[in-house]
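Q: Provided herewith: data-v9.txt, compact mmCIF, C-alpha atoms.
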```txt
# COMPACT_ATOMS: atom_id res chain seq x y z
CA MET U 388 -8.19 -45.08 39.58
CA THR U 389 -7.02 -42.22 37.40
CA LYS U 390 -5.19 -42.81 34.13
CA GLU U 391 -2.07 -41.18 35.55
CA LYS U 392 -2.07 -43.44 38.54
CA GLU U 393 -2.62 -46.49 36.39
CA SER U 394 0.41 -45.76 34.24
CA PHE U 395 2.44 -44.98 37.36
CA GLN U 396 1.46 -48.31 38.82
CA GLU U 397 2.54 -49.99 35.58
CA LEU U 398 5.92 -48.32 35.95
CA ILE U 399 6.19 -49.61 39.52
CA ASN U 400 5.27 -53.11 38.41
CA ASP U 401 7.92 -53.02 35.69
CA TYR U 402 10.80 -51.48 37.62
CA SER U 403 10.22 -51.90 41.33
CA ARG U 404 12.31 -55.05 41.58
CA LYS U 405 15.16 -53.55 39.56
CA VAL U 406 15.29 -50.45 41.76
CA LEU U 407 15.24 -52.55 44.93
CA ASN U 408 17.96 -54.88 43.68
CA THR U 409 20.28 -52.04 42.71
CA ALA U 410 19.75 -50.32 46.05
CA ILE U 411 20.36 -53.56 48.00
CA ARG U 412 23.54 -54.26 46.06
CA ILE U 413 24.94 -50.82 46.74
CA LEU U 414 23.84 -50.46 50.35
CA GLY U 415 23.68 -54.08 51.50
CA ASN U 416 20.75 -53.13 53.66
CA ARG U 417 17.12 -53.98 52.98
CA GLU U 418 15.64 -51.21 55.10
CA LYS U 419 17.68 -48.55 53.39
CA ALA U 420 16.93 -50.11 50.00
CA LEU U 421 13.22 -49.76 50.74
CA ASP U 422 13.78 -46.10 51.62
CA VAL U 423 15.65 -45.55 48.35
CA HIS U 424 12.83 -47.27 46.45
CA GLN U 425 10.27 -45.04 48.14
CA GLU U 426 12.18 -41.83 47.50
CA VAL U 427 12.95 -42.65 43.87
CA PHE U 428 9.35 -43.47 42.96
CA LEU U 429 7.83 -40.65 44.99
CA ALA U 430 10.14 -38.17 43.27
CA ILE U 431 8.97 -39.54 39.91
CA TRP U 432 5.31 -39.33 40.92
CA ARG U 433 5.72 -35.69 41.94
CA ARG U 434 7.06 -34.86 38.46
CA TRP U 435 4.78 -37.28 36.63
CA HIS U 436 3.36 -34.58 34.35
CA LYS U 437 6.86 -33.81 33.06
CA TYR U 438 7.48 -37.24 31.60
CA ASP U 439 6.23 -38.46 28.27
CA SER U 440 6.35 -41.58 26.13
CA ARG U 441 9.92 -40.81 25.06
CA THR U 442 11.27 -41.21 28.60
CA ASN U 443 13.83 -43.99 28.75
CA TRP U 444 12.74 -45.38 32.09
CA ASN U 445 15.39 -48.05 32.27
CA ALA U 446 18.23 -45.56 31.94
CA TYR U 447 16.52 -42.93 34.04
CA LEU U 448 15.72 -45.30 36.90
CA TYR U 449 19.15 -46.90 36.92
CA ARG U 450 20.88 -43.58 37.23
CA THR U 451 18.43 -42.12 39.71
CA THR U 452 18.63 -45.21 41.91
CA VAL U 453 22.42 -45.33 41.88
CA ARG U 454 22.65 -41.66 42.80
CA LYS U 455 20.01 -41.91 45.48
CA ALA U 456 21.60 -45.02 46.99
CA LEU U 457 25.00 -43.37 47.04
CA ALA U 458 23.46 -40.37 48.77
CA PHE U 459 22.15 -42.81 51.40
CA ALA U 460 25.61 -44.40 51.67
CA LYS U 461 27.08 -41.01 52.54
CA ARG U 462 24.92 -40.77 55.63
CA PRO U 463 26.49 -41.94 58.87
CA GLY U 464 25.56 -45.24 60.44
CA THR U 465 27.10 -48.69 60.57
CA ARG U 466 25.50 -51.95 59.60
CA THR U 467 25.23 -54.67 62.17
CA LEU U 468 25.94 -58.34 61.62
CA ALA U 469 22.24 -59.13 62.03
CA GLU U 470 21.36 -56.69 59.25
CA HIS U 471 23.95 -58.28 57.00
CA GLN U 472 22.71 -61.77 57.77
CA ALA U 473 19.20 -60.62 56.95
CA THR U 474 20.42 -59.34 53.60
CA TYR U 475 22.38 -62.49 52.78
CA PRO U 476 20.49 -65.31 54.49
CA ALA U 477 21.77 -67.99 52.14
CA GLY U 478 25.46 -67.35 52.91
CA LYS U 479 27.50 -70.12 54.46
CA GLU U 480 30.16 -67.84 55.88
CA LYS U 481 31.14 -67.83 59.57
CA PRO U 482 30.01 -64.81 61.61
CA ASP U 483 33.44 -63.14 61.61
CA GLU U 484 33.75 -63.62 57.86
CA LEU U 485 30.25 -62.27 57.46
CA LEU U 486 31.08 -59.23 59.52
CA ARG U 487 34.20 -58.64 57.46
CA THR U 488 32.16 -58.94 54.26
CA ALA U 489 29.57 -56.58 55.71
CA GLU U 490 32.26 -54.07 56.61
CA LEU U 491 33.80 -54.38 53.18
CA GLN U 492 30.51 -53.76 51.45
CA GLN U 493 29.90 -50.73 53.59
CA ARG U 494 33.38 -49.47 52.80
CA ILE U 495 32.83 -50.03 49.09
CA ALA U 496 29.63 -47.99 49.25
CA LYS U 497 31.42 -45.17 51.09
CA CYS U 498 34.34 -45.25 48.63
CA LEU U 499 31.91 -45.14 45.72
CA THR U 500 30.62 -41.82 47.02
CA ARG U 501 34.13 -40.43 46.70
CA LEU U 502 34.48 -41.39 43.05
CA SER U 503 33.17 -39.18 40.29
CA LYS U 504 29.46 -39.77 39.64
CA ARG U 505 30.21 -41.35 36.27
CA GLN U 506 32.83 -43.69 37.68
CA ALA U 507 30.51 -44.79 40.48
CA GLU U 508 27.63 -45.35 38.06
CA VAL U 509 29.79 -47.37 35.71
CA PHE U 510 31.24 -49.46 38.56
CA VAL U 511 27.81 -50.25 40.01
CA MET U 512 26.29 -51.11 36.65
CA SER U 513 29.22 -53.21 35.52
CA ARG U 514 30.36 -54.97 38.69
CA MET U 515 27.29 -55.01 40.92
CA GLU U 516 24.60 -55.26 38.27
CA GLY U 517 26.57 -57.25 35.73
CA LEU U 518 25.59 -55.08 32.77
CA LYS U 519 27.63 -55.29 29.59
CA THR U 520 29.72 -52.32 28.47
CA GLU U 521 27.46 -51.77 25.47
CA LYS U 522 24.38 -51.53 27.67
CA ILE U 523 26.08 -49.18 30.14
CA ALA U 524 27.17 -46.92 27.27
CA GLU U 525 23.57 -46.82 26.08
CA ILE U 526 22.24 -45.97 29.55
CA LEU U 527 24.81 -43.26 30.16
CA GLY U 528 24.71 -41.94 26.62
CA CYS U 529 28.46 -42.22 26.08
CA SER U 530 30.88 -44.38 24.09
CA GLN U 531 31.92 -47.89 25.13
CA GLU U 532 35.51 -46.67 25.34
CA THR U 533 34.46 -44.01 27.86
CA VAL U 534 32.73 -46.68 29.93
CA ARG U 535 35.89 -48.81 29.89
CA VAL U 536 38.04 -45.88 30.99
CA HIS U 537 35.67 -45.01 33.86
CA LEU U 538 35.49 -48.63 34.98
CA HIS U 539 39.26 -49.02 34.86
CA ARG U 540 39.77 -45.89 36.98
CA ALA U 541 37.03 -46.82 39.43
CA ILE U 542 38.43 -50.33 40.04
CA LYS U 543 41.98 -49.04 40.46
CA ARG U 544 40.93 -46.36 42.91
CA LEU U 545 38.69 -48.66 44.94
CA ALA U 546 41.44 -51.26 45.18
CA VAL U 547 43.80 -48.62 46.57
CA GLU U 548 41.27 -47.16 49.00
CA LEU U 549 40.21 -50.60 50.24
CA SER U 550 43.71 -52.07 50.40
CA ASP U 551 43.38 -52.73 54.17
CA TYR U 552 40.33 -54.90 53.55
CA LEU U 553 41.50 -56.64 50.40
CA LYS U 554 44.53 -58.55 51.70
CA MET X 723 60.47 -49.34 35.07
CA LYS X 724 58.69 -48.34 31.87
CA GLY X 725 57.76 -51.99 31.31
CA HIS X 726 56.46 -52.22 34.88
CA GLU X 727 54.15 -49.22 34.41
CA ARG X 728 52.89 -50.57 31.11
CA ILE X 729 52.07 -53.94 32.66
CA ASN X 730 50.65 -52.31 35.80
CA ASP X 731 48.21 -50.43 33.57
CA LEU X 732 47.03 -53.76 32.17
CA LEU X 733 46.34 -55.35 35.57
CA VAL X 734 42.67 -54.30 35.75
CA ASP X 735 41.95 -55.72 32.32
CA PHE X 736 43.94 -58.83 33.25
CA ALA X 737 41.82 -59.30 36.38
CA LEU X 738 38.69 -58.75 34.28
CA GLY X 739 39.94 -61.29 31.74
CA GLN X 740 39.81 -58.77 28.92
CA LEU X 741 43.34 -59.01 27.55
CA SER X 742 44.49 -60.55 24.31
CA GLY X 743 46.55 -63.76 24.49
CA GLU X 744 49.81 -61.92 23.84
CA GLN X 745 49.16 -59.26 26.49
CA GLU X 746 48.11 -61.89 28.97
CA LEU X 747 51.38 -63.76 28.53
CA ALA X 748 53.34 -60.54 29.01
CA VAL X 749 51.47 -59.80 32.26
CA LYS X 750 51.98 -63.33 33.56
CA ALA X 751 55.73 -63.13 32.86
CA HIS X 752 55.96 -59.80 34.65
CA LEU X 753 53.99 -61.05 37.65
CA GLU X 754 56.52 -63.80 38.28
CA GLN X 755 59.18 -61.24 39.06
CA CYS X 756 57.20 -58.26 40.40
CA GLN X 757 55.91 -58.54 43.95
CA GLN X 758 54.22 -55.11 43.82
CA CYS X 759 52.08 -56.03 40.81
CA LYS X 760 51.31 -59.41 42.36
CA CYS X 761 49.95 -57.72 45.50
CA GLU X 762 47.95 -55.26 43.44
CA LEU X 763 46.47 -58.04 41.35
CA ARG X 764 45.47 -59.89 44.52
CA ARG X 765 43.62 -56.80 45.76
CA LEU X 766 41.95 -56.27 42.40
CA LYS X 767 40.79 -59.87 42.25
CA ALA X 768 39.47 -59.72 45.84
CA LEU X 769 37.50 -56.59 45.00
CA LEU X 770 36.05 -58.08 41.83
CA GLU X 771 35.17 -61.33 43.59
CA HIS X 772 33.42 -59.48 46.35
CA THR X 773 31.40 -57.32 43.98
CA GLU X 774 30.40 -60.43 42.04
CA GLN X 775 29.15 -61.89 45.28
CA ILE X 776 27.11 -58.73 45.83
CA ARG X 777 25.48 -59.32 42.44
CA ASN X 778 23.78 -62.40 43.83
CA SER X 779 21.80 -60.47 46.41
CA SER X 780 18.32 -59.48 45.34
CA ALA X 781 14.98 -58.48 46.73
CA SER X 782 12.58 -61.24 47.69
CA PRO X 783 9.09 -61.28 46.12
CA GLN X 784 7.67 -60.39 49.53
CA MET X 785 9.97 -57.37 49.79
CA CYS X 786 8.91 -56.26 46.30
CA ARG X 787 5.26 -56.52 47.27
CA SER X 788 5.67 -54.50 50.45
CA ALA X 789 7.75 -51.89 48.61
CA LYS X 790 5.00 -51.51 45.97
CA GLN X 791 2.32 -51.25 48.62
CA ALA X 792 4.34 -48.65 50.52
CA ILE X 793 4.83 -46.46 47.48
CA LEU X 794 1.19 -46.66 46.45
CA ALA X 795 0.13 -45.79 49.99
CA ALA X 796 2.51 -42.83 49.94
CA VAL X 797 1.06 -41.67 46.62
CA GLU X 798 -2.47 -41.96 48.03
CA ALA X 799 -1.42 -39.92 51.04
CA GLU X 800 0.14 -37.28 48.76
CA GLN X 801 -3.03 -37.09 46.71
CA ALA X 802 -5.11 -36.63 49.82
CA GLU X 803 -2.85 -33.83 51.03
CA PRO X 804 -3.20 -31.23 48.24
CA ALA X 805 -6.71 -30.15 49.37
CA SER X 806 -5.52 -29.11 52.82
CA GLY X 807 -2.14 -28.11 51.46
CA GLN X 808 -3.78 -25.86 48.91
CA SER X 809 -5.94 -24.08 51.49
CA ILE X 810 -2.90 -23.60 53.68
CA SER X 811 -0.91 -22.19 50.82
CA LEU X 812 -3.76 -19.89 49.74
CA GLU X 813 -4.10 -18.63 53.26
CA PHE X 814 -0.35 -18.19 53.46
CA MET X 815 -0.33 -16.35 50.13
CA TRP X 816 -3.13 -14.04 51.23
CA ARG X 817 -1.34 -13.23 54.48
CA THR X 818 1.89 -12.61 52.62
CA ILE X 819 0.20 -10.32 50.12
CA VAL X 820 -1.60 -8.33 52.78
CA LYS X 821 1.54 -7.94 54.87
CA SER X 822 3.78 -7.13 51.93
CA ARG X 823 5.11 -3.61 51.73
CA ILE X 824 4.84 -3.79 47.97
CA THR X 825 1.10 -4.30 48.38
CA GLN X 826 0.99 -1.43 50.83
CA LEU X 827 2.87 0.71 48.34
CA ALA X 828 0.45 -0.23 45.58
CA ALA X 829 -2.46 0.58 47.86
CA VAL X 830 -1.05 3.99 48.71
CA VAL X 831 -0.41 4.69 45.04
CA ALA X 832 -3.94 3.72 44.17
CA ILE X 833 -5.41 5.87 46.95
CA VAL X 834 -3.29 8.85 46.07
CA LEU X 835 -4.11 8.45 42.39
CA ALA X 836 -7.79 8.36 43.09
CA ALA X 837 -7.57 11.29 45.48
CA CYS X 838 -5.66 13.36 42.96
CA TRP X 839 -8.01 12.76 40.12
CA LEU X 840 -10.94 13.56 42.31
CA THR X 841 -9.69 16.59 44.18
CA VAL X 842 -6.82 18.22 42.36
CA SER X 843 -7.52 20.10 39.20
CA ASP X 844 -5.10 22.95 39.38
CA ARG X 845 -1.81 22.10 37.64
CA GLY X 846 0.26 24.57 39.67
CA GLU X 847 -0.92 23.08 42.89
CA LEU X 848 -0.19 19.62 41.47
CA GLU X 849 3.40 20.50 40.61
CA GLN X 850 3.92 21.90 44.07
CA GLN X 851 2.70 18.64 45.57
CA GLU X 852 4.95 16.65 43.26
CA THR X 853 8.02 18.65 44.32
CA ASN X 854 7.05 18.30 47.92
CA GLY X 855 6.59 14.58 47.47
CA LEU X 856 10.07 14.19 46.05
CA ALA X 857 11.50 16.36 48.74
CA VAL X 858 9.93 14.22 51.41
CA ALA X 859 11.21 11.12 49.62
CA VAL X 860 14.76 12.40 49.88
CA ILE X 861 14.61 13.12 53.57
CA SER X 862 12.22 10.42 54.66
CA LYS X 863 13.60 7.72 56.86
CA THR X 864 10.81 5.26 57.46
CA PRO X 865 9.35 2.99 54.77
CA ALA X 866 5.93 4.51 55.28
CA GLU X 867 7.24 7.99 54.54
CA LEU X 868 9.06 6.71 51.51
CA VAL X 869 5.95 4.99 50.23
CA SER X 870 3.78 8.06 50.39
CA ALA X 871 6.46 10.37 49.05
CA ILE X 872 7.44 8.16 46.14
CA SER X 873 3.88 7.41 45.28
CA LEU X 874 3.04 11.09 45.20
CA SER X 875 5.98 11.79 42.94
CA MET X 876 5.42 8.85 40.67
CA VAL X 877 1.78 9.51 40.14
CA PHE X 878 1.97 12.98 38.70
CA ARG X 879 4.26 12.36 35.77
CA ASP X 880 2.60 9.29 34.34
CA GLY X 881 5.85 7.38 34.12
CA ASP X 882 7.86 10.20 32.56
CA MET X 883 11.11 9.25 34.26
CA GLU X 884 13.28 11.95 32.72
CA ALA X 885 11.02 14.76 33.81
CA MET X 886 10.60 13.10 37.13
CA GLU X 887 14.31 12.91 37.71
CA LYS X 888 14.66 16.59 36.90
CA GLN X 889 12.07 17.31 39.51
CA PHE X 890 13.90 15.01 41.81
CA ASP X 891 17.13 16.99 41.41
CA LYS X 892 15.17 20.14 42.15
CA ALA X 893 13.74 18.61 45.27
CA GLU X 894 17.15 17.38 46.37
CA LYS X 895 18.64 20.85 46.13
CA LYS X 896 15.70 22.31 47.95
CA VAL X 897 15.83 19.89 50.85
CA ARG X 898 19.49 19.04 51.07
CA PRO X 899 21.63 21.65 49.41
CA GLY X 900 24.83 19.98 50.56
CA LEU X 901 23.91 16.56 49.23
CA LYS X 902 26.46 15.47 46.64
CA GLU X 903 25.50 11.89 45.99
CA ARG X 904 22.61 11.57 43.64
CA ILE X 905 19.82 9.35 44.83
CA THR X 906 17.70 7.74 42.17
CA ILE X 907 14.18 6.48 42.42
CA GLU X 908 15.50 2.98 41.84
CA GLN X 909 17.77 3.30 44.86
CA LEU X 910 14.89 4.45 46.98
CA ILE X 911 12.80 1.54 45.89
CA CYS X 912 15.71 -0.80 46.62
CA GLU X 913 15.96 0.73 50.06
CA LEU X 914 12.30 0.08 50.53
CA GLU X 915 12.72 -3.52 49.55
CA GLU X 916 15.59 -3.90 51.97
CA CYS X 917 13.37 -2.52 54.74
CA GLU X 918 10.79 -5.10 53.81
CA GLU X 919 13.33 -7.91 54.15
CA ILE X 920 14.27 -6.73 57.60
```
Please express what this file holds, its structure, as structure tokens.

A:
Amino acid sequence: MTKEKESFQELINDYSRKVLNTAIRILGNREKALDVHQEVFLAIWRRWHKYDSRTNWNAYLYRTTVRKALAFAKRPGTRTLAEHQATYPAGKEKPDELLRTAELQQRIAKCLTRLSKRQAEVFVMSRMEGLKTEKIAEILGCSQETVRVHLHRAIKRLAVELSDYLK
Amino acid sequence: MKGHERINDLLVDFALGQLSGEQELAVKAHLEQCQQCKCELRRLKALLEHTEQIRNSSASPQMCRSAKQAILAAVEAEQAEPASGQSISLEFMWRTIVKSRITQLAAVVAIVLAACWLTVSDRGELEQQETNGLAVAVISKTPAELVSAISLSMVFRDGDMEAMEKQFDKAEKKVRPGLKERITIEQLICELEECEEI
């Protein structure tokens, strides 16, 4: 195995799970999450020579994954109940509740694509990933106050756009 | 109304539990009398609860394994591809170069240059050819005619554009006395490139 491939494999070992989790949380679909994972890492491999030891992989992969997953969310296609059950096997909800939750998640993903990229990134990292404001500011390279403003706007807008589902 | 807007702005932070004690009390007092803010808070809380639920979903170890295997297989496949991909692209490049009109132009220039150095020694005869070349360039319609005419004209002045343009004017008057619009060599070359695109 070449040295390049070895270090790439190390990167996969370190971040594969993170990328998959973020994609699943945004898309609520394991198949699509696998596609996002594949596209993100393949894109990195194709530009492997451009990266060096200074690359902040955590920040880079978070942002790339969020953007890629949102690009997937823009594509048409609805999620079935079976797909949702496969994603959340441990849930105790009734089928109709599950379907409603599945629809809501799909709607959230679609609405996220209509927010500004920064707002969507902040919302995903804060609400879906549970990252602290300080960490998000570090990943995005902005101030904590900026993160708070983006999060505030994103939540407000999502609540308005999803008002039919959030009664 | 001003108080309502101020409190309404605090609702997100209230739902997130990020308000100070004093602000929290003010929001609670307002909520008791404002149905609109109450509804909005309910929506905000439902959204936040749902996204917290989403946080619990994660990839299983088996899914991680298959994802890693898939990406490594894809990388292997990409590494295997360049050999055939490279030969295809080289072949494609060669075909493109051979078919390119720029290449044809360069070839004509090279041939004419060689022919001139070998056969033409008389300067007067050379100048006559140059003028003729420019004249043909002005009236030529097909790319092939343009190529030979321009190449003839370009060769004889060794890149002396000013002198060449003077000759060009002369040729223009000779071939098209009524032509008012001045055609430059650059325009002709652009025309040639446009022909190539077509």

Q: Would you tabulate, counting all atoms listed in the file, all residues of chain X that have an atom at most 7 Å from an atom of chain U, showing the closest pair of atoms and their distance in Å to one decimal, sorted by chain then ascending number, as JSON lines?

A:
```
{"residue": "X:Val734", "atom": "CA", "partner": "U:His539", "partner_atom": "CA", "distance": 6.3}
{"residue": "X:Arg765", "atom": "CA", "partner": "U:Leu553", "partner_atom": "CA", "distance": 5.1}
{"residue": "X:Leu766", "atom": "CA", "partner": "U:Ala546", "partner_atom": "CA", "distance": 5.8}
{"residue": "X:Ala768", "atom": "CA", "partner": "U:Leu553", "partner_atom": "CA", "distance": 5.9}
{"residue": "X:Leu769", "atom": "CA", "partner": "U:Ala546", "partner_atom": "CA", "distance": 6.6}
{"residue": "X:Thr773", "atom": "CA", "partner": "U:Met515", "partner_atom": "CA", "distance": 5.6}
{"residue": "X:Glu774", "atom": "CA", "partner": "U:Met515", "partner_atom": "CA", "distance": 6.3}
{"residue": "X:Ile776", "atom": "CA", "partner": "U:Arg412", "partner_atom": "CA", "distance": 5.7}
{"residue": "X:Arg777", "atom": "CA", "partner": "U:Met515", "partner_atom": "CA", "distance": 4.9}
{"residue": "X:Ser779", "atom": "CA", "partner": "U:Arg412", "partner_atom": "CA", "distance": 6.5}
{"residue": "X:Ser780", "atom": "CA", "partner": "U:Asn408", "partner_atom": "CA", "distance": 4.9}
{"residue": "X:Ala781", "atom": "CA", "partner": "U:Asn408", "partner_atom": "CA", "distance": 5.6}
{"residue": "X:Cys786", "atom": "CA", "partner": "U:Arg404", "partner_atom": "CA", "distance": 5.9}
{"residue": "X:Ala789", "atom": "CA", "partner": "U:Leu421", "partner_atom": "CA", "distance": 6.2}
{"residue": "X:Lys790", "atom": "CA", "partner": "U:Ile399", "partner_atom": "CA", "distance": 6.8}
{"residue": "X:Ile793", "atom": "CA", "partner": "U:Gln425", "partner_atom": "CA", "distance": 5.7}
```

Q: Rounded to one decimal, what separation in Å do you get between CA of Glu800 (chain X) and CA of Ala430 (chain U)?

A: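 Taking CA of Glu800 (chain X) and CA of Ala430 (chain U), their separation equals 11.4 Å.
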
Q: What is the CA of Asp731 (chain X) to CA of Glu532 (chain U) distance in Å?

A: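 About the pair CA of Asp731 (chain X) and CA of Glu532 (chain U): they are 15.6 Å apart.
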
Q: Rounded to one decimal in Å, what is the spacing between CA of Arg454 (chain U) and CA of Leu499 (chain U)?

A: 10.3 Å
